[in-house]
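Q: One file is attached below, structure03.pdb, containing PDB, C-alpha atoms, pLDDT in the B column.
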ATOM      1  CA  MET A   1      92.257  90.974  64.881  1.00 66.00           C
ATOM      2  CA  ALA A   2      93.949  94.331  65.382  1.00 70.00           C
ATOM      3  CA  PRO A   3      92.165  97.510  64.287  1.00 72.00           C
ATOM      4  CA  PRO A   4      93.617  99.240  61.225  1.00 73.00           C
ATOM      5  CA  ASP A   5      96.224 101.929  61.765  1.00 74.00           C
ATOM      6  CA  PRO A   6      94.617 105.356  62.115  1.00 78.00           C
ATOM      7  CA  GLU A   7      95.135 107.934  59.414  1.00 78.00           C
ATOM      8  CA  PRO A   8      98.265 109.970  60.106  1.00 80.00           C
ATOM      9  CA  GLU A   9      97.594 113.426  61.461  1.00 84.00           C
ATOM     10  CA  ILE A  10      98.826 116.320  59.383  1.00 83.00           C
ATOM     11  CA  GLU A  11      99.358 119.941  60.262  1.00 88.00           C
ATOM     12  CA  LEU A  12      97.410 122.288  58.026  1.00 89.00           C
ATOM     13  CA  TRP A  13      98.143 125.997  58.045  1.00 92.00           C
ATOM     14  CA  PRO A  14      94.978 128.100  58.454  1.00 93.00           C
ATOM     15  CA  GLU A  15      95.659 130.001  55.212  1.00 93.00           C
ATOM     16  CA  CYS A  16      95.503 126.680  53.296  1.00 93.00           C
ATOM     17  CA  MET A  17      92.124 125.711  54.695  1.00 95.00           C
ATOM     18  CA  PRO A  18      89.929 127.437  52.056  1.00 95.00           C
ATOM     19  CA  SER A  19      91.712 125.622  49.221  1.00 96.00           C
ATOM     20  CA  VAL A  20      91.594 122.263  50.994  1.00 96.00           C
ATOM     21  CA  GLU A  21      87.902 122.799  51.720  1.00 96.00           C
ATOM     22  CA  VAL A  22      87.258 123.416  48.001  1.00 97.00           C
ATOM     23  CA  PHE A  23      89.313 120.369  46.991  1.00 97.00           C
ATOM     24  CA  LEU A  24      87.477 118.090  49.416  1.00 96.00           C
ATOM     25  CA  ALA A  25      84.099 119.465  48.344  1.00 97.00           C
ATOM     26  CA  CYS A  26      84.965 118.519  44.745  1.00 97.00           C
ATOM     27  CA  ALA A  27      85.554 114.858  45.598  1.00 95.00           C
ATOM     28  CA  THR A  28      82.726 113.767  43.289  1.00 95.00           C
ATOM     29  CA  GLN A  29      83.686 116.126  40.452  1.00 96.00           C
ATOM     30  CA  TRP A  30      86.420 114.100  38.790  1.00 96.00           C
ATOM     31  CA  ARG A  31      86.291 113.491  35.038  1.00 96.00           C
ATOM     32  CA  MET A  32      87.099 109.868  34.284  1.00 94.00           C
ATOM     33  CA  ASP A  33      88.019 107.981  31.142  1.00 93.00           C
ATOM     34  CA  ALA A  34      86.116 104.877  30.003  1.00 94.00           C
ATOM     35  CA  ALA A  35      88.297 102.665  32.234  1.00 90.00           C
ATOM     36  CA  GLY A  36      87.509 104.751  35.312  1.00 88.00           C
ATOM     37  CA  THR A  37      90.897 106.452  35.495  1.00 89.00           C
ATOM     38  CA  PRO A  38      90.716 110.068  36.684  1.00 92.00           C
ATOM     39  CA  LEU A  39      91.643 112.647  34.056  1.00 95.00           C
ATOM     40  CA  GLY A  40      91.189 115.777  36.150  1.00 97.00           C
ATOM     41  CA  LEU A  41      88.596 117.841  37.917  1.00 97.00           C
ATOM     42  CA  ASP A  42      85.560 119.294  36.183  1.00 97.00           C
ATOM     43  CA  TYR A  43      86.514 122.981  36.293  1.00 97.00           C
ATOM     44  CA  PRO A  44      82.997 124.415  35.830  1.00 97.00           C
ATOM     45  CA  ALA A  45      81.944 122.346  38.864  1.00 97.00           C
ATOM     46  CA  LEU A  46      85.023 123.585  40.732  1.00 96.00           C
ATOM     47  CA  GLU A  47      83.971 127.177  40.094  1.00 96.00           C
ATOM     48  CA  ALA A  48      80.430 126.430  41.247  1.00 97.00           C
ATOM     49  CA  VAL A  49      81.756 124.844  44.449  1.00 97.00           C
ATOM     50  CA  MET A  50      83.934 127.877  45.168  1.00 98.00           C
ATOM     51  CA  ARG A  51      80.936 130.177  44.699  1.00 97.00           C
ATOM     52  CA  MET A  52      78.702 128.035  46.924  1.00 97.00           C
ATOM     53  CA  LEU A  53      81.388 127.951  49.636  1.00 97.00           C
ATOM     54  CA  GLY A  54      81.926 131.703  49.355  1.00 97.00           C
ATOM     55  CA  THR A  55      85.646 131.272  48.673  1.00 97.00           C
ATOM     56  CA  ALA A  56      87.174 134.731  49.104  1.00 96.00           C
ATOM     57  CA  ASP A  57      90.234 134.329  46.857  1.00 96.00           C
ATOM     58  CA  MET A  58      88.994 132.098  44.044  1.00 97.00           C
ATOM     59  CA  ARG A  59      92.126 132.638  41.950  1.00 97.00           C
ATOM     60  CA  GLN A  60      94.399 131.389  44.746  1.00 97.00           C
ATOM     61  CA  ALA A  61      92.085 128.500  45.574  1.00 97.00           C
ATOM     62  CA  PHE A  62      92.008 127.464  41.902  1.00 97.00           C
ATOM     63  CA  THR A  63      95.801 127.485  41.713  1.00 97.00           C
ATOM     64  CA  ASP A  64      96.081 125.516  44.956  1.00 97.00           C
ATOM     65  CA  VAL A  65      93.485 122.966  43.831  1.00 98.00           C
ATOM     66  CA  GLN A  66      95.365 122.479  40.565  1.00 98.00           C
ATOM     67  CA  VAL A  67      98.475 121.558  42.583  1.00 97.00           C
ATOM     68  CA  MET A  68      96.463 119.006  44.594  1.00 96.00           C
ATOM     69  CA  GLU A  69      94.815 117.714  41.413  1.00 97.00           C
ATOM     70  CA  ALA A  70      98.210 117.196  39.737  1.00 97.00           C
ATOM     71  CA  GLU A  71      99.466 115.259  42.760  1.00 96.00           C
ATOM     72  CA  VAL A  72      96.404 112.985  42.756  1.00 94.00           C
ATOM     73  CA  LEU A  73      96.908 112.300  39.050  1.00 95.00           C
ATOM     74  CA  ARG A  74     100.614 111.587  39.651  1.00 95.00           C
ATOM     75  CA  VAL A  75      99.793 109.110  42.427  1.00 92.00           C
ATOM     76  CA  PHE A  76      97.185 107.343  40.285  1.00 87.00           C
ATOM     77  CA  SER A  77      99.609 107.182  37.369  1.00 88.00           C
ATOM     78  CA  ALA A  78     102.366 105.763  39.589  1.00 88.00           C
ATOM     79  CA  ALA A  79      99.933 103.151  40.889  1.00 80.00           C
ATOM     80  CA  GLY A  80      99.141 102.085  37.334  1.00 77.00           C
ATOM     81  CA  GLY A  81      95.805 103.870  37.286  1.00 63.00           C
ATOM     82  CA  ALA A  82      94.423 101.844  40.182  1.00 55.00           C
ATOM     83  CA  LYS A  83      91.009 102.953  41.380  1.00 53.00           C
TER      84      LYS A  83
END
When written as structure tokens, how does the structure in this file appear?
A:
Amino acid sequence: MAPPDPEPEIELWPECMPSVEVFLACATQWRMDAAGTPLGLDYPALEAVMRMLGTADMRQAFTDVQVMEAEVLRVFSAAGGAK
């Protein structure tokens, strides 16, 4: 049996790292509907995460995370809400 393909490597610009760090730290902060479909991130938790991480530009990080959040929701919607 062949091992699974490794995750593709991506190039991440250093100036994007704070926002990606916040997004990844919020992995357990999704609000879900009764069927388990993600509705969006819990914004009070997002703010708490940014404070705990010491995010310098919280406004920019919030905007960036909203872009990532919208893409996740689009992908889930396109997949029929698959978990």
Q: Just to confirm, what's the straight-line distance from atom CA of Val72 of chain A to atom CA of Val20 of chain A in Å (one decimal)?
A: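 Here the two named atoms are 13.3 Å from each other.
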Q: Specify as a PyMOL selection string each residue included when the PyMOL selection byres ((chain A and resi 21) around 10) is applied to this file.
A: chain A and resi 16-20+22-26+49-50+53+55+61+65
Q: Give me the residues within 12 Å of segment 30-39 of chain A as a list of chain:residue names, counting only C-alpha atoms and dropping any in the same chain fewer than 4 places off.
A: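 Selected residues are A:Phe23, A:Leu24, A:Ala25, A:Cys26, A:Tyr43, A:Pro44, A:Ala45, A:Leu46, A:Glu69, A:Ala70, A:Glu71, A:Val72, A:Leu73, A:Arg74, A:Val75, A:Phe76, A:Ser77, A:Ala79, A:Gly80, A:Gly81, A:Ala82, A:Lys83.
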Q: Record the distance separating atom CA of Asp57 of chain A and atom CA of Ala27 of chain A, expressed in Å with one decimal.
A: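 It comes out at 20.1 Å.
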Q: Considering all atoms listed in the file, state which residue in the set A:Leu12, A:Gln66, A:Ala78, A:Arg59 is at the smallest distance from Gly40 of chain A.
A: A:Gln66
Q: Reconstruct all heavy atoms of segment 12-23 of chain A from the incomplete input and present them as a compact mmCIF listing (two decimals), keeping the file's coordinate frame.
A:
# COMPACT_ATOMS: atom_id res chain seq x y z
N LEU A 12 97.90 121.49 59.15
CA LEU A 12 97.41 122.29 58.03
C LEU A 12 97.39 123.75 58.45
O LEU A 12 96.75 124.11 59.43
CB LEU A 12 96.00 121.82 57.63
CG LEU A 12 95.40 122.44 56.39
CD1 LEU A 12 96.25 122.14 55.16
CD2 LEU A 12 94.00 121.93 56.19
N TRP A 13 98.11 124.58 57.73
CA TRP A 13 98.14 126.00 58.04
C TRP A 13 96.76 126.60 57.78
O TRP A 13 96.10 126.26 56.79
CB TRP A 13 99.18 126.71 57.20
CG TRP A 13 100.59 126.29 57.46
CD1 TRP A 13 101.09 125.74 58.61
CD2 TRP A 13 101.68 126.38 56.56
NE1 TRP A 13 102.43 125.49 58.48
CE2 TRP A 13 102.82 125.88 57.23
CE3 TRP A 13 101.81 126.85 55.27
CZ2 TRP A 13 104.07 125.84 56.64
CZ3 TRP A 13 103.06 126.80 54.68
CH2 TRP A 13 104.16 126.30 55.35
N PRO A 14 96.31 127.50 58.62
CA PRO A 14 94.98 128.10 58.45
C PRO A 14 94.77 128.74 57.08
O PRO A 14 93.67 128.67 56.52
CB PRO A 14 94.91 129.14 59.58
CG PRO A 14 95.89 128.68 60.59
CD PRO A 14 96.98 127.98 59.83
N GLU A 15 95.81 129.34 56.51
CA GLU A 15 95.66 130.00 55.21
C GLU A 15 95.45 129.00 54.07
O GLU A 15 95.01 129.38 52.99
CB GLU A 15 96.85 130.92 54.91
CG GLU A 15 98.19 130.24 54.86
CD GLU A 15 98.94 130.24 56.18
OE1 GLU A 15 98.32 130.38 57.25
OE2 GLU A 15 100.17 130.07 56.13
N CYS A 16 95.72 127.72 54.31
CA CYS A 16 95.50 126.68 53.30
C CYS A 16 94.09 126.10 53.37
O CYS A 16 93.65 125.44 52.43
CB CYS A 16 96.52 125.56 53.47
SG CYS A 16 98.21 126.07 53.19
N MET A 17 93.42 126.34 54.46
CA MET A 17 92.12 125.71 54.70
C MET A 17 91.08 125.98 53.60
O MET A 17 90.39 125.05 53.18
CB MET A 17 91.60 126.16 56.07
CG MET A 17 90.78 125.17 56.84
SD MET A 17 91.28 123.46 56.68
CE MET A 17 89.68 122.79 56.43
N PRO A 18 90.94 127.22 53.10
CA PRO A 18 89.93 127.44 52.06
C PRO A 18 90.16 126.57 50.82
O PRO A 18 89.21 126.01 50.26
CB PRO A 18 90.05 128.93 51.73
CG PRO A 18 90.62 129.53 52.97
CD PRO A 18 91.55 128.49 53.53
N SER A 19 91.41 126.42 50.41
CA SER A 19 91.71 125.62 49.22
C SER A 19 91.47 124.14 49.48
O SER A 19 90.94 123.43 48.62
CB SER A 19 93.16 125.85 48.78
OG SER A 19 93.35 127.20 48.45
N VAL A 20 91.84 123.67 50.64
CA VAL A 20 91.59 122.26 50.99
C VAL A 20 90.10 122.00 51.08
O VAL A 20 89.61 120.97 50.60
CB VAL A 20 92.32 121.90 52.31
CG1 VAL A 20 91.91 120.52 52.80
CG2 VAL A 20 93.82 121.98 52.13
N GLU A 21 89.36 122.94 51.64
CA GLU A 21 87.90 122.80 51.72
C GLU A 21 87.30 122.67 50.32
O GLU A 21 86.44 121.82 50.09
CB GLU A 21 87.31 124.01 52.45
CG GLU A 21 85.83 123.94 52.66
CD GLU A 21 85.30 125.17 53.41
OE1 GLU A 21 85.68 126.31 53.07
OE2 GLU A 21 84.50 124.97 54.33
N VAL A 22 87.75 123.49 49.39
CA VAL A 22 87.26 123.42 48.00
C VAL A 22 87.61 122.06 47.40
O VAL A 22 86.76 121.39 46.80
CB VAL A 22 87.84 124.56 47.15
CG1 VAL A 22 87.55 124.34 45.66
CG2 VAL A 22 87.28 125.91 47.60
N PHE A 23 88.87 121.64 47.56
CA PHE A 23 89.31 120.37 46.99
C PHE A 23 88.47 119.21 47.52
O PHE A 23 88.01 118.36 46.75
CB PHE A 23 90.79 120.15 47.29
CG PHE A 23 91.36 118.90 46.68
CD1 PHE A 23 91.64 118.86 45.33
CD2 PHE A 23 91.59 117.78 47.45
CE1 PHE A 23 92.17 117.70 44.74
CE2 PHE A 23 92.11 116.62 46.88
CZ PHE A 23 92.39 116.59 45.53
